[in-house]
Amino acid sequence: MKIGFDNKKYLKIQSERIKERIAQFGDKLYLEFGGKLFDDNHASRVLPGFQPDSKLQMLMQLSEYAEIVIVISALDIEKNKMRSDLGITYDEDVLRLRGEFEKVGLHVGGVVITHYNGQSSADAYRNRLERLGIKVYYHYTIEGYPNNVALIDSDDGFGKNDYVETERPLVVVTAPGPGSGKMAVCLSQLYQENKRNVKAGYAKFETFPVWNLPLKHPVNMAYEAATADLNDVNMIDPFHLEAYGNIAVNYNRDIEIFPVLNAIFEGIYGESPYKSPTDMGVNMIGNCMSAEDVCCSAAREEIIRRYYYALCNLAEKGNNENEVNKISLIMKQAKLTPEYRRTTVAAHERRELSGGVASAAIELQNGTIITARSSSLLGPCAALLLNATKHLAGIPHEKRLIPEELIAPIQKTKVEYLHGHNPRLHMDEVLVALSLLSNQDEDCRKALDQVPKLQGCQVHCTVMMSEVDRKVFKKLGIGLTCDPVKKIE
């Protein structure tokens with residue numbers, strides 16, 4: 001895989017930047033952490049070379065200075081909000097995050113339940129956490145937030161919230177997902193610290209959009225496509241332009257809220273430390289691209305991937321037409337069509353040659369395209385997995401790695417005993433079969449050894465995949481797109 005991002009440089013200069021910001025304020029810095037800490041797969045896709053856990057690795061370099069506060073909204077607890085990428089609820093993810101942080105030696109100071117208004121589900125969750133020895137704090141709903149600055153910046157506003165006890169100079173405020181109230185927690189703590197004569201500051205670490213890349217740079221446009229469901233829009237920061245005469249990119253929500261934040265800062269400090277929302281950020285990711293053309297190409301692939309993902313969601317759920325329309329507009333602005341994705345073209349061509357049978361294509365790391373079609377024995381992606389590993393291992397295409405007499409009893413079990421409708425083998429079943437055969441068949445062993453080389457490859461399928469195959473692609477680190485055509489179970 002071509003590398004376009006210098007991850008080592010990023011870890012170094014990002015941690016240095018955060019230390020500088022701590023020193024700017026004196027005693028303590030509350031750092032709002034946007035995006036995902038452990039599994040930032042979007043960043044790793046658009047910036048090849050960025051490791052999904054880079055932000056966690058960077059924090060580990062600051063472990064002696066840092067502690068973590070995890071935020072969850074009482075509203076999300078009440079409605080059992082899910083993390084779609086992990087298939088778990090936000091309240092379960094808080095425990096997962098805490099465990100992952102502590103596993104690598106990062107101190108978790110506590111959990112803040114925001115938007116609290118007496119919800120019984122929040123009370124039950126607090127009791128559960130406290131039984132586990134976790135400190136829990138309530139932050140209340142403030143009428144008129146964020147515009148009623150006079151109320152917010154008073155003892156009846158932020159002053160009503162529980163004071164979150166922290167020990168270290170860097171307090172990282174994170175959450176399972178957006179809308180949890182991270183910024184409000186930071187601002188509330190500034191108010192509370194000021195009352196205690198502690199010099200505390202606020203900064204924001206949001207990976208995207210990248211402030212020092214052009215507004216219509218593919219990397220920034222890919223972020224807009226990724227957040228189309230949130231209706232985020234990348235914009236030139238007008239406050240930054242007015243203050244410094246320089247163009248910087250931010251997004252609509254931060255720009256819209258900045259006058260309010262500015263007023264809150266003035267209420268707490270007497271004057272605001274920032275002249276623009278971009279000033280609040282500490283993101284150095286735009287300084288670490290080592291090959292911009294590689295990142296641009298990857299970002300364009302990501303825009304198309306998001307487009308297909310939205311189309312498939314629309315076909316399955318029918319409730320995100322605006323998201324599809326927005327990404328379609330982004331594609332037009334980027335002068336992109338689905339045909340930019342080589343695997344899309346190859347999969348469609350294979351389908352036509354196969355008489356309309358479901359087909360799939362993969363682009364290997366060296367640019368080679370491999371295709372496959374569905375058969376009575378294998379689904380298109382299971383067949384593609386075999387074809388790709390055979391090619392990488394130098395095994396002739398006509399060599400049958402898994403004998404039909406081995407597949408037949410598996411199919412019988414799937415249909416007769418498990419009452420399935422699709423007898424074809426999925427990708428996980430193919431991998432298990434290869435594993436069983438690898439002890440006695442050298443070619444099966446060679447093919448199985450090629451599986452790690454598929455990480456970072458791109459795949460397109462002419463039908464929507466089953467959940468089983470989608471999970472295998474994700475575990476293998478393969479980028480998948482599908483036509484919005486009836487799913488293969």
# chains A, B, ... in the order shown; residues from 1 in each chain; ligands from 1
$ residues_around --residues "A:Leu230" --least-positions-apart "6" --cutoff "10 Å" --atoms "only C-alpha atoms" --output "list in words"
Pro178, Glu224 and Glu323 of chain A
$ residues_around --residues "A:Ser272" --least-positions-apart "5" --cutoff "6 Å" --atoms "only C-alpha atoms" --output "ChimeraX atom specification"
/A:262,265-266
$ residues_around --residues "A:Ala222" --least-positions-apart "6" --cutoff "7 Å" --atoms "only C-alpha atoms" --output "JSON, numbers by chain"
{"A": [299, 300, 302, 303]}
$ select_by_dssp --residues "stretch 102-201 of chain A" --states "alpha helix (DSSP H)" --output "PyMOL selection string"
chain A and resi 102-103+120-131+149-152+182-195
$ closest_residue --among "A:Asn283, A:Asn234, A:Asn422, A:Thr481" --to "A:Thr343" --atoms "only C-alpha atoms"
A:Thr481
$ closest_residue --among "A:Val282, A:Ala184, A:Met289, A:Leu31" --to "A:Ile142" --atoms "only C-alpha atoms"
A:Ala184
$ residues_around --residues "A:Met464" --least-positions-apart "3" --cutoff "12 Å" --atoms "only C-alpha atoms" --output "PyMOL selection string"
chain A and resi 308-309+311-316+358-360+379-381+460-461+467-470+480-489
$ closest_residue --among "A:Asp76, A:Glu363, A:Glu404, A:Asp6" --to "A:Gln455" --atoms "only C-alpha atoms"
A:Glu363
